[in-house]
Each structure stands twice: as C-alpha cells, then as structure tokens.
Amino acid sequence: MKFGEFIKTRRIILRLTQAELSNFLHITPQCLSNYENDKTKIPLSIVLDLCYSLKISIDDFFNKNITNEEVTLDFNKYNIDNIHKNLAYYREKSKLTLKELSKKIKISIQRLSDFELDKTQPSIEEFITLCNCYNLNYEELFLVNNETNLIPNNYQKITKQNQKKYFYAGFAGFLGIVTVISLAITAGFFYSKSKEKKPLSVPNFSKILFRESLDENSSTDIFIKNREYYLFAYLDNSYNYPISSFKINDNFYQKDVFHEESTNKKVIIKFNSSILNLGENTFNVNGFTYINEKNKENYVTLTDINTKVDVLNDSIPSVNINNMTFSSTSIKGNLEITNDTYNLLKDKFISLTIKQNEEIIKEIKTKNEFSFTELKPKTSYTLIGSIKSNFYDEKGEIDHILFNKNVTTNSLGKIEQLTSTNDTISYNLELDEESELESIKLINKENNEIVEETNKKTGNFTNLLSNHQYILKISFKHLTKDYKDELIKSVHTKIVNNPIVKLEEINISETKIEIKPHIYYDLTNFHFNYIELKSVNNSIAIKEDRVQDSYIFDNLFSNTFYNVDYNYSYDLKDGAGIQTKTSSTRVETLIYQAPRVFFDAVSPDANSIYFKIAKEEFKIPATYIKTELYKGSTLTETTTLEEGKFRELETNYKYTLKLYYSYDLLDGNGTVVDYFEASVTTSTGIIIEEI
C-alpha cells in the first residue's frame with residue numbers, strides 16, 4: 001500500500017472530508033488530493049500534522065498500519081525541528097563519518113550534511129532508510145531528546161592535518177577563492193536570518209463560560225451527569241490564529257466538533273458532562289493552536305485555565321435491566337440500581353412506562369421486579385425508565401430518563417428446528433403456552449402451488465425436487481383471545497452431488513503459470529471437459545482435456561494478462577438435465593526486474609577524476625558499454641574500462657560522467673539501452689580529510 005492510499009483509507013475511517021483534513025494541515029484540498037493519488041510526494045514536514053489529525057502514531061504512519069484505535073500525539077514529546085539534531089546524534093553514536101554513512105546507504109555526502117545542518121529535510125524514503133540504518137523506531141528521530149542538544153549544529157570535525165598543496169594559486173585565483181568565501185558567508189547570514197523563529201503572542205482567555213444552551217446569557221447553577229453543555233471561550237489579545245483543538249480535563253476535542261459560530265476570538269464547543277468529575281468544582285481547560293508558516297516552522301501554544309463552577313455532588317444513578325424474559329403477551333424482568341449511595345433516591349421509586357407508537361400502554365413504579373402483561377404478540381414496544389428527584393435549587397422536581405429501550409414480544413410459536421436434504425424438509429415447532437397450531441402449508445415458490453398441508457407440530461415433507469425453493473407458511477392462534485399469528489419461512493432443498501471446481505493454487509513467474517485445481521464431485525455424474533489458457537486477444541495458448549493434479553503453461557510473455565478457463569458438466573438429477581459450466585480467472589505474468597549499473601565511487605582531485613562502476617543484476621544480466629566525460633555539454637573523453645581515471649582536467653570545474661549499459665527484456669520487446677549520470681567537481685587543490 002502506498003502512503004497516499006494509506007492516508008485516504010485512514011481519512012475515510014475517521015469520516016473526514018478532504019476539505020476538513022486539508023484545513024487542519026494548512027494546505028489546499030487539491031494538494032491533499034495529489035498526495036492521496038500519489039501525484040505529489042508527501043514532504044516529511046507534514047508527517048506530524050498527518051499523525052495528529054489522523055489520530056495515529058508515527059510508527060503506524062510509516063508502517064502504513066490500518067487500525068481502529070485512535071492515538072493523540074503529545075506536542076511536548078515530538079518536534080520536526082529535532083530531526084537534524086537527532087540525525088547528527090545517532091550518526092556520532094554509531095561512530096560513522098559522513099563518507100562511511102554515504103557509502104553505506106547510497107545517499108550523497110552533501111545531502112547528508114544538509115540534513116544534519118537543517119538546510120533541507122529528508123524525503124520520506126530517505127527518512128526510512130536512515131531509521132533502518134540506525135536500527136531506530138520511526139518516532140525516535142522526532143523525539144525531543146535532551147542528549148541531542150549536546151551535538152552542535154556545526155558538528156563536522158574537519159582538520160587540516162597533512163594538507164598538501166598541489167599548486168600555488170595566482171593572484172587572480174586567490175581573489176576568486178576570497179570572492180566565493182565572501183559570498184558563502186553572506187548567503188549563510190541571510191539564510192540563518194530566514195530560519196529565525198518569529199515570536200508569537202500566546203493566546204489568553206478573558207473568560208470561560210459553561211451554559212446549558214447556546215444562549216450565553218443563560219445561567220448554569222448545577223452540572224448533571226450525562227447532560228450536554230456548551231463551553232464559551234473568549235480570547236483577550238490580538239491573537240490572529242484560530243484555536244485548533246480543546247481539552248476539558250483529560251478529554252480531547254477536535255476542531256470538527258466546535259460549533260459553527262467559532263471564530264478567532266470566540267470558541268464554542270459542545271460536550272457531555274460525563275467527562276467531568278462532578279465531585280469537584282474546578283475544571284482544567286486547555287486550548288491548543290497549531291500554525292504552519294510558509295518557512296515550514298511549527299508553533300504549538302498552550303494556555304491552562306482553571307475555571308470554578310458550581311456542580312452537583314450526587315450523580316444520577318445508572319440502572320441495569322436483569323433477567324428480562326419475553327412471551328407472546330408479557331415482558332418481565334428486574335432492575336438493579338448501580339449507585340446505592342444516591343441520597344435523592346430515598347423513599348422514591350423508578351417509574352417504568354411501556355409505549356406502543358407513542359401511546360402509553362401501562363405505567364408502574366418499582367424498585368425491583370416488573371411485569372407488563374396482556375400485550376400483543378410479535379409487537380414492538382418502548383420501555384422507558386425514569387426517576388423524579390428534587391435538587392433543592394428552587395426549580396422543583398426534575399424528571400431524569402435513565403434508559404429508553406425498544407422491546408418486542410414473542411410470536412405465538414417458533415420453528416425450533418428446520419433441516420433439508422435433496423428431497424426432504426423436516427421441521428419441529430415450539431408453541432407458546434397460550435397458543436396452538438392452526439396449519440402448516442408447504443408452497444412451491446416457483447409456481448406458488450400448495451404441495452402439502454398439515455397441523456402436526458413435528459413432521460417431514462418428502463418426495464420433493466432437489467435444488468428447489470419452498471415456503472413454509474405456519475399459522476397460530478391464541479387460546480383465549482382473538483390473536484392470530486403467522487410465520488413465513490423460506491427453505492431450499494439441496495443439490496444432488498453438485499460438483500465444485502476450485503483453483504486451489506496459482507503460481508506465477510515471468511514466463512510460466514502453474515495451476516493446481518481441486519475438483520469436488522460425484523464420479524457418476526461429473527465430466528471434466530477442458531482447461532485452457534487464453535491471452536488477452538482471446539487466442540488459445542494451451543488447452544488440456546484431461547484431469548490431472550497440476551497444469552503448467554510456459555514460454556509465455558512477461559507482464560501480460562491471461563485468462564484461465566475451466567469447463568465441466570454434471571447432471572442435476574432434478575429433471576433439469578445436464579448443465580455445463582465455464583469459470584474464468586484472470587492472471588498476469590510478472591514483470592522482469594530491470595538490472596542497474598551505477599558508479600560505486602567517484603573521487604575528484606585537483607586535475608583528475610577517479611571512477612569505479614558496480615552492478616545490481618536481478619533476473620536479467622546487464623552489459624556495461626562505456627563511460628563518457630562531458631565538460632559542460634561537450635564530450636571530452638570516452639572509456640570502456642570499469643575502473644579508471646580521467647586526467648589533465650581543469651581545477652575547480654564541474655564535469656558530468658555518463659555510464660551506458662544495456663539489457664534484454666526477454667519479452668519480445670528487444671534490447672534496452674540505459675544510462676546512469678553523475679555530476680562531479682574537481683577540487684581547488686587543497687585536500688580536506690575527514691577523521
């Protein structure tokens with residue numbers, strides 16, 4: 001699975017739109033669409049944003065692990081700004097020089113240096129390579145690690161021991177070097193200035209309000225468990241960024257649950273009081289803001305607010321319904337109050353109401369067992385439990401709904417057992433104690449004719465056709481009341497030894513397909529006709545008309561679609577005659593993995609360039625052709641050696657090396673000539689050795 005497909009899958013699991021996710025990432029929906037469709041590579045700079053908004057861990061992101069769990073990243077634990085320090089720290093810890101690391105993971109020394117000096121960030125692929133090299137979990141390079149701060153930004157220990165001068169630069173050359181150094185210092189100064197973080201104002205809240213409705217002028221004197229409330233938060237300074245997330249006590253709220261009236265200065269969030277500890281009168285409220293500026297700097301700000309409100313010390317009790325039983329005309333059970341210390345329950349009863357289509361059928365008060373009788377069979381009802389209590393707040397009694405449950409009475413009878421063979425249907429009925437069986441009708445579904453009728457609770461219908469669908473229509477009646485009930489059950493007789501052919505295993509290579517079928521059949525009525533392989537233009541490659549354990553089709557083209565068809569016949573033994581079936585499966589031969597020839601080493605000095613080539617051959621061998629040296633766009637020298645030097649070159653000049661090689665695709669498309677290119681600059685005559 002590619003990273004774009006993983007992001008799209010996770011977004012759909014969280015039911016986020018592209019607009020919602022792109023808003024959180026501070027990118028356009030079109031940019032997010034390009035990421036998900038793998039049209040644009042995902043930069044490492046937004047990985048933390050993605051993990052935070054998709055509620056996954058950093059390791060889950062890089063492993064593309066689809067999970068239903070939701071994870072909230074700790075902003076204090078991870079920071080994108082620490083990657084360059086961590087890279088320098090773990091390289092030093094592994095006792096590797098930049099040159100040794102470059103040779104090990106095939107990334108240039110200059111690019112590795114830019115990573116550690118925070119001049120650029122690795123791509124996701126390079127990041128994975130570095131983690132694997134240092135044997136780290138992916139999240140470890142994002143960690144805010146105090147040990148890494150001991151590594152200075154200019155970590156490279158460069159000495160000038162054993163310096164050798166190849167020639168004395170003339171006055172003009174000296175001026176050129178001084179000019180280059182001056183320009184580099186000037187560019188570094190302006191670059192460091194561009195990297196400075198601009199201070200941001202920290203958002204403070206002028207006030208926090210809790211209300212029972214969107215009317216912020218209303219008052220909330222008490223908090224009651226399992227009720228919904230609104231939090232109003234107001235910013236008191238010139239802070240220009242919206243709050244992106246909120247936490248009340250330890251419960252996290254994303255921006256998508258904010259009320260639509262939220263602005264940069266005011267936030268309204270709807271929450272359930274079940275997240276609060278109603279035994280306390282202080283709530284901890286945290287507001288979070290995330291900003292991603294154009295220079296890719298990240299800021300996280302946090303404000304702690306302690307807000308005092310009056311809360312109810314006694315929570316509403318929860319009630320369990322135990323031992324609930326149903327008959328055709330009654331519903332019975334008992335209640336268990338889980339909060340025995342609830343002091344407002346003293347001498348009070350829980351009220352139970354049963355309704356049908358909003359019409360109250362019966363209402364009782366109970367502390368334990370309850371029973372509703374004289375109901376209609378197979379009818380849906382609503383069972384409502386509530387309690388009225390006085391909270392001594394001069395508002396009078398409050399009616400609290402404890403549960404609201406849909407229940408249905410039983411049928412007057414039910415099918416206890418129903419089985420079928422190829423020509424027989426057997427049944428066994430269980431009747432309610434107040435009902436009796438009126439009739440059972442067996443109906444042929446194809447022509448709607450009654451095949452047989454009986455009034456026995458247990459029995460068999462025999463001499464039926466195999467592979468046919470029938471209907472059992474069962475009628476019941478109540479013994480004392482004028483109730484009627486009817487059950488409709490569809491049942492299908494089995495096929496007589498109907499054969500099944502399955503392809504148990506298909507092994508595919510570049511030019512060969514091996515098929516191992518498995519046939520389940522009765523030898524008296526099954527006949528295998530043939531198995532054949534067809535290319536995409538429907539021409540038959542191979543056809544076999546004998547039954548065997550495996551079939552091998554070889555001498556095929558690579559990267560080509562083929563259809564595997566297998567044909568067989570059998571007799572249904574139900575009067576329908578012989579039936580012939582052809583099933584088809586599409587397979588594709590593998591793609592040849594192309595070889596690669598590249599420069600294993602390219603080392604310049606003042607007036608020459610040493611090179612050495614290496615090969616990665618997969619299933620196709622590569623043939624080295626030549627190496628060319630270009631000065632600008634002009635070809636200056638060609639060699640067929642796999643290792644050598646280009647000499648008498650200009651000092652401090654950029655050259656291009658092109659390495660040509662060829663290989664045969666072996667699929668009818670001929671030979672491919674490819675090349676590998678490297679750019680290298682001769683040195684200035686001063687050797688700097690890294691130790």
# chains A, B, ... in the order shown; residues from 1 in each chain; ligands from 1
$ residues_around --residues "Val672 (chain A)" --least-positions-apart "3" --cutoff "7 Å" --atoms "only C-alpha atoms" --output "compact mmCIF listing (two decimals) with N, CA and C atoms, in the first residue's frame"
# COMPACT_ATOMS: atom_id res chain seq x y z
N SER A 662 23.32 -1.92 -21.18
CA SER A 662 22.17 -2.47 -21.91
C SER A 662 21.72 -3.78 -21.27
N TYR A 663 20.46 -4.18 -21.57
CA TYR A 663 19.92 -5.46 -21.11
C TYR A 663 18.75 -5.84 -22.00
N ASP A 664 18.44 -7.16 -22.04
CA ASP A 664 17.37 -7.70 -22.87
C ASP A 664 16.15 -7.94 -21.99
$ residues_around --residues "region 423-439 of chain A" --least-positions-apart "5" --cutoff "8 Å" --atoms "only C-alpha atoms" --output "VMD selection string"
chain A and resid 327 to 328 411 to 418 453 to 466 474 to 480 493 to 494
$ closest_residue --among "A:Ile488, A:Ile337, A:Ile66, A:Ile401" --to "Thr9 (chain A)" --atoms "only C-alpha atoms"
A:Ile66
$ residues_around --residues "region 632-634 of chain A" --least-positions-apart "3" --cutoff "8 Å" --atoms "only C-alpha atoms" --output "list in words"
Lys654, Tyr655 and Thr656 of chain A
$ write_last_selection --atoms "C-alpha atoms" --output "PDB file, in the first residue's frame"
ATOM      1  CA  LYS A 654      32.143  20.843 -12.820  1.00  0.00           C
ATOM      2  CA  TYR A 655      32.144  17.759 -15.082  1.00  0.00           C
ATOM      3  CA  THR A 656      29.415  15.211 -15.957  1.00  0.00           C
TER       4      THR A 656
END
$ residues_around --residues "region 98-114 of chain A" --least-positions-apart "3" --cutoff "12 Å" --atoms "only C-alpha atoms" --output "count of residues only"
45
$ closest_residue --among "A:Lys484, A:Lys77, A:Lys362, A:Lys516" --to "Val144 (chain A)" --atoms "only C-alpha atoms"
A:Lys77
$ residues_around --residues "Thr373 (chain A)" --least-positions-apart "4" --cutoff "9 Å" --atoms "only C-alpha atoms" --output "list in words"
Thr329, Ser330, Ile331 and Lys332 of chain A
$ residues_around --residues "Glu449 (chain A)" --least-positions-apart "4" --cutoff "12 Å" --atoms "only C-alpha atoms" --output "PyMOL selection string"
chain A and resi 441-445+453+470-472
